[in-house]
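The structure file final.tsv is reproduced below (TSV, C-alpha atoms and all ligand atoms).
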```
chain	number	residue	atom	x	y	z
A	1	MET	CA	52.78	142.12	31.82
A	2	ASN	CA	51.06	144.00	29.00
A	3	LEU	CA	52.58	144.26	25.55
A	4	ILE	CA	51.88	146.13	22.34
A	5	LEU	CA	52.26	143.88	19.29
A	6	ARG	CA	52.50	145.22	15.78
A	7	VAL	CA	51.94	142.20	13.56
A	8	TRP	CA	52.29	141.78	9.80
A	9	ARG	CA	48.90	140.69	8.46
A	10	GLN	CA	48.61	139.41	4.90
A	11	LYS	CA	45.66	137.33	3.71
A	12	SER	CA	47.35	135.49	0.83
A	13	PRO	CA	50.60	135.36	-1.19
A	14	GLY	CA	49.50	137.96	-3.75
A	15	SER	CA	47.62	140.33	-1.47
A	16	GLU	CA	48.93	143.49	0.11
A	17	GLY	CA	50.02	143.21	3.72
A	18	ARG	CA	49.99	145.73	6.54
A	19	THR	CA	51.03	146.03	10.16
A	20	VAL	CA	48.18	145.79	12.67
A	21	ARG	CA	48.40	146.88	16.31
A	22	TYR	CA	47.25	144.49	19.05
A	23	GLU	CA	47.36	144.63	22.83
A	24	ALA	CA	48.44	141.44	24.63
A	25	LYS	CA	47.22	141.82	28.20
A	26	ASN	CA	48.14	139.93	31.38
A	27	VAL	CA	50.90	137.96	29.67
A	28	ASN	CA	52.40	135.34	31.99
A	29	ALA	CA	56.21	135.52	32.13
A	30	GLU	CA	56.42	131.69	32.00
A	31	MET	CA	54.57	131.46	28.69
A	32	SER	CA	56.46	130.80	25.51
A	33	PHE	CA	56.19	133.41	22.77
A	34	LEU	CA	53.91	131.10	20.76
A	35	GLU	CA	51.68	130.49	23.79
A	36	MET	CA	51.34	134.24	24.15
A	37	LEU	CA	50.19	134.34	20.48
A	38	ASP	CA	47.81	131.41	21.16
A	39	VAL	CA	46.10	133.43	23.89
A	40	LEU	CA	45.94	136.50	21.66
A	41	ASN	CA	44.44	134.34	18.87
A	42	GLU	CA	41.77	132.93	21.20
A	43	ASP	CA	40.87	136.49	22.09
A	44	LEU	CA	40.72	137.49	18.41
A	45	GLN	CA	38.56	134.48	17.55
A	46	SER	CA	36.16	135.19	20.43
A	47	ARG	CA	35.67	138.64	18.89
A	48	GLY	CA	35.05	137.15	15.44
A	49	GLU	CA	38.42	138.29	14.05
A	50	GLU	CA	40.89	136.21	12.00
A	51	PRO	CA	43.64	134.66	14.16
A	52	ILE	CA	47.27	135.44	13.33
A	53	ALA	CA	48.78	132.63	11.22
A	54	PHE	CA	52.22	131.37	12.26
A	55	ASP	CA	54.09	128.11	11.65
A	56	HIS	CA	54.87	125.68	14.47
A	57	ASP	CA	54.96	121.98	15.22
A	58	CYS	CA	57.17	120.48	17.95
A	59	ARG	CA	57.48	123.62	20.10
A	60	GLU	CA	60.64	122.02	21.47
A	61	GLY	CA	63.21	123.68	19.20
A	62	ILE	CA	63.85	120.60	17.09
A	63	CYS	CA	61.58	120.56	14.03
A	64	GLY	CA	62.40	123.89	12.37
A	65	MET	CA	58.81	124.86	11.62
A	66	CYS	CA	58.59	128.02	13.70
A	67	GLY	CA	60.27	131.31	12.97
A	68	PHE	CA	59.57	134.99	12.35
A	69	MET	CA	61.23	138.31	13.04
A	70	ILE	CA	60.77	140.00	16.41
A	71	ASN	CA	61.87	143.63	16.27
A	72	GLY	CA	63.97	142.83	13.22
A	73	VAL	CA	65.79	139.84	14.72
A	74	ALA	CA	65.15	136.32	13.42
A	75	HIS	CA	63.72	134.20	16.28
A	76	GLY	CA	63.93	137.21	18.61
A	77	PRO	CA	66.47	138.47	21.11
A	78	GLN	CA	67.61	135.26	22.84
A	79	ARG	CA	70.74	133.78	21.21
A	80	GLY	CA	70.62	130.11	20.23
A	81	THR	CA	66.84	129.93	20.76
A	82	THR	CA	63.96	129.21	18.41
A	83	VAL	CA	60.90	131.38	18.79
A	84	CYS	CA	58.95	128.40	20.19
A	85	GLN	CA	61.51	128.14	23.01
A	86	LEU	CA	61.63	131.87	23.65
A	87	HIS	CA	59.87	132.73	26.90
A	88	MET	CA	58.09	135.90	27.87
A	89	ARG	CA	60.35	136.43	30.88
A	90	HIS	CA	62.86	137.90	28.43
A	91	PHE	CA	60.48	140.80	27.77
A	92	LYS	CA	59.17	143.50	30.08
A	93	ASP	CA	55.91	145.23	30.75
A	94	GLY	CA	55.10	147.86	28.13
A	95	ASP	CA	57.40	146.44	25.45
A	96	GLU	CA	56.37	147.15	21.86
A	97	LEU	CA	57.19	144.26	19.53
A	98	TYR	CA	57.10	144.20	15.74
A	99	LEU	CA	56.42	140.70	14.34
A	100	GLU	CA	57.18	140.09	10.66
A	101	PRO	CA	57.60	137.02	8.47
A	102	TRP	CA	60.99	136.03	7.02
A	103	ARG	CA	61.79	138.54	4.28
A	104	ALA	CA	63.47	136.82	1.32
A	105	ARG	CA	62.40	136.36	-2.32
A	106	ALA	CA	63.07	132.64	-2.01
A	107	PHE	CA	60.58	132.43	0.90
A	108	PRO	CA	57.34	134.05	-0.36
A	109	VAL	CA	54.77	134.93	2.30
A	110	VAL	CA	51.88	132.47	2.42
A	111	ARG	CA	49.84	134.26	5.08
A	112	ASP	CA	50.68	136.62	7.99
A	113	LEU	CA	53.88	135.21	9.57
A	114	VAL	CA	53.96	132.00	7.48
A	115	VAL	CA	56.37	131.71	4.53
A	116	ASP	CA	56.92	129.01	1.91
A	117	ARG	CA	60.31	127.34	2.59
A	118	SER	CA	59.99	124.63	-0.03
A	119	ALA	CA	63.16	126.03	-1.68
A	120	PHE	CA	65.05	124.30	1.17
A	121	ASP	CA	63.29	121.00	0.38
A	122	ARG	CA	64.44	121.22	-3.23
A	123	ILE	CA	68.06	121.75	-2.12
A	124	ILE	CA	67.87	118.67	0.12
A	125	ALA	CA	66.22	116.63	-2.65
A	126	ALA	CA	69.17	117.49	-4.93
A	127	GLY	CA	71.66	115.64	-2.74
A	128	GLY	CA	71.13	115.99	1.00
A	129	PHE	CA	71.05	112.24	1.61
A	130	ILE	CA	73.19	109.12	1.43
A	131	SER	CA	72.18	106.10	-0.65
A	132	VAL	CA	72.36	102.97	1.47
A	133	PRO	CA	71.51	99.42	0.46
A	134	ALA	CA	68.27	98.31	2.10
A	135	GLY	CA	68.37	95.12	4.11
A	136	SER	CA	69.05	94.06	7.64
A	137	ALA	CA	70.53	96.64	9.98
A	138	PRO	CA	74.35	96.66	9.86
A	139	ASP	CA	76.35	96.14	13.00
A	140	GLY	CA	76.68	99.40	14.91
A	141	ASN	CA	80.47	99.26	14.82
A	142	ALA	CA	80.84	98.04	11.23
A	143	ILE	CA	81.77	101.52	10.00
A	144	SER	CA	83.92	103.22	12.59
A	145	VAL	CA	83.73	107.03	12.58
A	146	PRO	CA	86.67	109.04	13.94
A	147	LYS	CA	85.64	111.11	16.96
A	148	PRO	CA	86.44	114.54	15.39
A	149	ALA	CA	84.40	113.64	12.29
A	150	ALA	CA	81.50	112.46	14.44
A	151	GLU	CA	81.58	115.69	16.46
A	152	THR	CA	81.71	117.90	13.36
A	153	ALA	CA	78.90	115.94	11.70
A	154	MET	CA	76.72	116.11	14.82
A	155	ASP	CA	77.23	119.86	15.17
A	156	ALA	CA	76.25	120.42	11.52
A	157	ALA	CA	73.32	117.99	11.77
A	158	ALA	CA	71.82	120.24	14.45
A	159	CYS	CA	70.52	122.49	11.63
A	160	ILE	CA	66.72	122.32	11.72
A	161	GLY	CA	66.11	124.07	8.40
A	162	CYS	CA	64.23	126.97	9.94
A	163	GLY	CA	65.46	129.57	7.44
A	164	ALA	CA	66.49	132.23	9.98
A	165	CYS	CA	69.93	132.39	8.33
A	166	VAL	CA	68.34	133.37	5.02
A	167	ALA	CA	66.03	135.90	6.65
A	168	ALA	CA	68.87	137.58	8.54
A	169	CYS	CA	71.29	137.73	5.61
A	170	PRO	CA	71.24	141.04	3.66
A	171	ASN	CA	71.81	138.91	0.53
A	172	ALA	CA	69.20	136.29	1.52
A	173	SER	CA	71.89	133.65	1.05
A	174	ALA	CA	71.20	129.99	1.88
A	175	SER	CA	74.89	129.27	2.46
A	176	LEU	CA	74.75	128.47	6.18
A	177	PHE	CA	71.89	126.00	5.69
A	178	THR	CA	73.45	124.33	2.64
A	179	GLY	CA	76.90	124.31	4.22
A	180	ALA	CA	75.47	122.59	7.30
A	181	LYS	CA	73.82	119.87	5.23
A	182	ILE	CA	76.93	119.32	3.12
A	183	THR	CA	79.20	119.22	6.18
A	184	HIS	CA	76.90	116.84	8.06
A	185	LEU	CA	77.23	114.18	5.35
A	186	GLY	CA	80.58	115.13	3.84
A	187	VAL	CA	82.72	114.42	6.91
A	188	LEU	CA	81.32	110.93	7.58
A	189	PRO	CA	82.70	107.77	5.94
A	190	GLN	CA	79.16	106.91	4.80
A	191	GLY	CA	78.98	110.21	2.92
A	192	GLN	CA	82.15	109.78	0.85
A	193	PRO	CA	80.88	107.79	-2.18
A	194	GLU	CA	78.46	110.58	-3.16
A	195	ARG	CA	80.49	113.51	-1.83
A	196	ARG	CA	81.43	115.02	-5.20
A	197	GLU	CA	77.99	114.65	-6.83
A	198	ARG	CA	76.29	115.85	-3.65
A	199	ILE	CA	78.06	119.19	-3.53
A	200	LEU	CA	77.70	119.85	-7.26
A	201	ASN	CA	74.00	118.97	-7.27
A	202	MET	CA	73.14	120.86	-4.08
A	203	VAL	CA	74.97	124.02	-5.14
A	204	ALA	CA	73.25	123.80	-8.55
A	205	ALA	CA	69.90	123.50	-6.70
A	206	VAL	CA	70.70	126.60	-4.62
A	207	ASN	CA	71.50	128.49	-7.81
A	208	ARG	CA	68.14	127.53	-9.34
A	209	GLU	CA	66.33	129.23	-6.43
A	210	VAL	CA	66.33	132.98	-5.79
A	211	PHE	CA	68.85	133.04	-2.94
A	212	GLY	CA	71.66	135.59	-2.96
A	213	SER	CA	75.38	134.92	-2.66
A	214	CYS	CA	77.35	134.79	0.58
A	215	THR	CA	79.62	137.80	1.21
A	216	ASN	CA	80.82	136.69	4.66
A	217	ILE	CA	78.71	139.14	6.66
A	218	GLY	CA	77.96	136.62	9.42
A	219	GLU	CA	74.39	137.62	10.32
A	220	CYS	CA	73.36	134.01	9.66
A	221	GLU	CA	75.66	132.67	12.39
A	222	ALA	CA	74.49	135.39	14.79
A	223	VAL	CA	70.81	134.39	14.58
A	224	CYS	CA	71.07	130.63	14.02
A	225	PRO	CA	69.11	128.96	16.84
A	226	LYS	CA	71.34	125.89	16.55
A	227	LEU	CA	74.60	127.88	16.64
A	228	ILE	CA	75.82	126.55	13.28
A	229	LYS	CA	79.25	128.03	12.60
A	230	LEU	CA	80.46	129.92	9.51
A	231	GLU	CA	83.09	127.19	9.06
A	232	VAL	CA	80.45	125.06	7.30
A	233	ILE	CA	80.36	127.65	4.51
A	234	ALA	CA	84.15	127.50	4.15
A	235	ARG	CA	83.96	123.70	3.98
A	236	MET	CA	81.20	123.87	1.36
A	237	ASN	CA	83.20	126.30	-0.79
A	238	ARG	CA	86.36	124.17	-0.50
A	239	ASP	CA	84.49	120.99	-1.40
A	240	PHE	CA	82.78	122.73	-4.31
A	241	ILE	CA	86.08	123.94	-5.80
A	242	ARG	CA	87.63	120.46	-5.43
A	243	ALA	CA	84.58	118.76	-6.99
A	244	SER	CA	84.46	121.24	-9.87
A	245	TRP	CA	88.16	120.70	-10.64
A	246	SER	CA	87.92	116.93	-10.45
A	247	ARG	CA	85.05	117.04	-12.94
A	248	ARG	CA	87.25	118.95	-15.42
A	249	VAL	CA	90.24	116.57	-15.29
A	301	LIG	S1	71.70	126.99	9.61
A	301	LIG	FE1	70.67	127.64	11.51
A	301	LIG	S2	69.38	129.36	10.92
A	301	LIG	FE2	69.93	128.28	9.02
A	301	LIG	S3	68.28	126.82	8.65
A	301	LIG	FE3	69.85	125.71	9.84
A	301	LIG	S4	69.21	126.00	11.99
A	301	LIG	FE4	68.07	127.52	10.82
A	302	LIG	S1	58.05	124.54	16.57
A	302	LIG	FE1	59.60	123.03	16.16
A	302	LIG	S2	61.42	124.19	16.30
A	302	LIG	FE2	59.91	125.62	16.87
```

Mind turning this structure into C-alpha cells?
Ligand code: SF4
Ligand code: FES
Amino acid sequence: MNLILRVWRQKSPGSEGRTVRYEAKNVNAEMSFLEMLDVLNEDLQSRGEEPIAFDHDCREGICGMCGFMINGVAHGPQRGTTVCQLHMRHFKDGDELYLEPWRARAFPVVRDLVVDRSAFDRIIAAGGFISVPAGSAPDGNAISVPKPAAETAMDAAACIGCGACVAACPNASASLFTGAKITHLGVLPQGQPERRERILNMVAAVNREVFGSCTNIGECEAVCPKLIKLEVIARMNRDFIRASWSRRV
C-alpha cells in the first residue's frame, strides 16, 4: 500500500517546527508502524535528508519508550496497543496520516516526534518505590498477598510510563500514570509502611511539574495501551485525602 505521511519536523527544543509531507510507498501490511518509519528513514538518508527522529526501544509493547500521535490519537487507532505493536494492516492504501509528538507543556519536544518525559522520572523518584532491607532473598511465601490485592497490583503495574495519558488529556494531567504507580504499591503488604509518605511525596512531585488537574474526562483511559482503569485515580485521590488528614491529627 502507499501512504501519505504528514510528519512534525522540529530540529531542536527551541526551534520552530512544521509539518512535512512524505510518501511511504510499497508499505508491507505485516510491518509495524515503526518498521514503516524505518524504511522511510532509510529512503530519506539515501537521499541525504535527515531521518525522522522517534523514540523506541523494546518494540514489544513493554518498555514505554515509543509513542506519538497518529491522526490526533495517542498510539494510533488500535485500542490497547503501543505504536511499536501497531501493524500496517490496520491502515489502507491511500491513507493520509498526521504524525505529531505528545503535546503537553510537561513533555517539551526534543526533536521531531521525540519528547522529554523526565517529569515522570521525577514523580517516581519522589516515592514510586518500596524500601526493602538488602540481604539474602526472602522466602517466596514469607509475605502472603491476598489474591484480589495481587490482581489489582498487577493490573496497575502494567503501566509502562509512555505518557499517552498525558498527551490525550485536554488538561495534560498525569493522574492516570501517578494513580497507577500509587495503586501498584499501595495495595500490596510490602507497600504499607511507606504508603502515607509515598502518596504525599508523589502528589507534591506532580504539582511541581507543569501537568494539569484531572477533571474526569477519561481520554487517558481510552488511549492507554495497557488499559489502565480510571479507578486508579479514585484510589489515588482517596489515599491522598486520608494521608493529608492523618498528617493534620
Ligand atoms: S497509564 Fe497508560 S497511557 Fe499513562 S503512562 Fe501508563 S501505560 Fe502510558
Ligand atoms: S518500543 Fe517499547 S513499548 Fe514501544

Please list as a PDB file with C-alpha atoms, in the frame of the given file every residue within 12 Å of A:Ala156, counting all atoms listed in the file and excluding residues in the same chain fewer than 3 positions away.
```pdb
ATOM      1  CA  ALA A 149      84.400 113.640  12.290  1.00  0.00           C
ATOM      2  CA  ALA A 150      81.500 112.460  14.440  1.00  0.00           C
ATOM      3  CA  GLU A 151      81.580 115.690  16.460  1.00  0.00           C
ATOM      4  CA  THR A 152      81.710 117.900  13.360  1.00  0.00           C
ATOM      5  CA  ALA A 153      78.900 115.940  11.700  1.00  0.00           C
ATOM      6  CA  CYS A 159      70.520 122.490  11.630  1.00  0.00           C
ATOM      7  CA  ILE A 160      66.720 122.320  11.720  1.00  0.00           C
ATOM      8  CA  GLY A 161      66.110 124.070   8.400  1.00  0.00           C
ATOM      9  CA  LEU A 176      74.750 128.470   6.180  1.00  0.00           C
ATOM     10  CA  PHE A 177      71.890 126.000   5.690  1.00  0.00           C
ATOM     11  CA  THR A 178      73.450 124.330   2.640  1.00  0.00           C
ATOM     12  CA  GLY A 179      76.900 124.310   4.220  1.00  0.00           C
ATOM     13  CA  ALA A 180      75.470 122.590   7.300  1.00  0.00           C
ATOM     14  CA  LYS A 181      73.820 119.870   5.230  1.00  0.00           C
ATOM     15  CA  ILE A 182      76.930 119.320   3.120  1.00  0.00           C
ATOM     16  CA  THR A 183      79.200 119.220   6.180  1.00  0.00           C
ATOM     17  CA  HIS A 184      76.900 116.840   8.060  1.00  0.00           C
ATOM     18  CA  LEU A 185      77.230 114.180   5.350  1.00  0.00           C
ATOM     19  CA  GLY A 186      80.580 115.130   3.840  1.00  0.00           C
ATOM     20  CA  VAL A 187      82.720 114.420   6.910  1.00  0.00           C
ATOM     21  CA  LEU A 188      81.320 110.930   7.580  1.00  0.00           C
ATOM     22  CA  CYS A 224      71.070 130.630  14.020  1.00  0.00           C
ATOM     23  CA  LYS A 226      71.340 125.890  16.550  1.00  0.00           C
ATOM     24  CA  LEU A 227      74.600 127.880  16.640  1.00  0.00           C
ATOM     25  CA  ILE A 228      75.820 126.550  13.280  1.00  0.00           C
ATOM     26  CA  LYS A 229      79.250 128.030  12.600  1.00  0.00           C
ATOM     27  CA  LEU A 230      80.460 129.920   9.510  1.00  0.00           C
ATOM     28  CA  GLU A 231      83.090 127.190   9.060  1.00  0.00           C
ATOM     29  CA  VAL A 232      80.450 125.060   7.300  1.00  0.00           C
ATOM     30  CA  ILE A 233      80.360 127.650   4.510  1.00  0.00           C
ATOM     31  CA  ARG A 235      83.960 123.700   3.980  1.00  0.00           C
ATOM     32  CA  MET A 236      81.200 123.870   1.360  1.00  0.00           C
TER      33      MET A 236
END
```

Distance limit 8 Å, reference ligand LIG 302 (chain A), atoms considered: only C-alpha atoms and all ligand atoms. Which residues make the cut? Give them as a compact mmCIF listing (two decimals) with C-alpha atoms, in the frame of the given file.
```txt
# COMPACT_ATOMS: atom_id res chain seq x y z
CA ASP A 55 54.09 128.11 11.65
CA HIS A 56 54.87 125.68 14.47
CA ASP A 57 54.96 121.98 15.22
CA CYS A 58 57.17 120.48 17.95
CA ARG A 59 57.48 123.62 20.10
CA GLU A 60 60.64 122.02 21.47
CA GLY A 61 63.21 123.68 19.20
CA ILE A 62 63.85 120.60 17.09
CA CYS A 63 61.58 120.56 14.03
CA GLY A 64 62.40 123.89 12.37
CA MET A 65 58.81 124.86 11.62
CA CYS A 66 58.59 128.02 13.70
CA GLY A 67 60.27 131.31 12.97
CA THR A 82 63.96 129.21 18.41
CA VAL A 83 60.90 131.38 18.79
CA CYS A 84 58.95 128.40 20.19
CA GLN A 85 61.51 128.14 23.01
CA ILE A 160 66.72 122.32 11.72
CA CYS A 162 64.23 126.97 9.94
```

Practice task
Give me, please, the distance in Å between atom CA of A:Glu50 and atom CA of A:Ala168, quoted to one decimal.
Solution key: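 Separation of atom CA of A:Glu50 and atom CA of A:Ala168: 28.2 Å.
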
Practice task
Using all atoms listed in the file, pick whichever of A:Cys220, A:Ile199, A:Ala157, A:Met31 has the shortest atom-to-atom distance to A:His87.
Solution key: A:Met31

Practice task
Find the spatial neighbours of stretch 38-48 of chain A, counting only C-alpha atoms, within a cut-off of 9 Å - ignore same-chain residues fewer than 5 positions away - and output them as JSON, numbers by chain.
Solution key: {"A": [22, 23, 24, 25, 27, 33, 53]}

Practice task
Just give me the residues with any atom within 6 Å of (72.3, 130.2, 21.3), file coordinates, counting all atoms listed in the file, written as a PyMOL selection string.
Solution key: chain A and resi 79-81+225+227

Problem - Neighbour list for A:Ala167 as a ChimeraX atom specification, cut-off 7 Å, all atoms listed in the file, skip fewer than 2 positions in-chain - result: /A:74,102-104,163-165,169,172

Handout entry: For atom CA of A:Glu30 and atom FE4 of ligand LIG 301 (chain A), the interatomic separation in Å (one decimal)
Key = 24.5 Å

Handout entry: Å distance separating atom CA of A:Arg117 from atom CA of A:Val223, one decimal place
Key = 17.4 Å

Exercise for the section: For a cut-off of 9 Å around (53.1, 139.0, 9.8), file coordinates, pick out all residues using all atoms listed in the file and list them as a PyMOL selection string. Expected result: chain A and resi 6-10+17-20+52-54+68-69+98-102+109+111-114

Practice task
With a distance cut-off of 10 Å and all atoms listed in the file, select the neighbouring residues of A:Lys92, excluding the residue or stretch itself and same-chain residues fewer than 3 positions from it, and output the selection as a list in words.
Solution key: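 The residues satisfying every condition are Met1, Asn2, Leu3, Val27, Ala29, Met88, Arg89, Asp95 and Glu96 of chain A.
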
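Using all atoms listed in the file, the nearest neighbour of ligand LIG 301 (chain A) within the list A:Asn237, A:Asp155, A:Leu97, A:Asn26 is A:Asp155.
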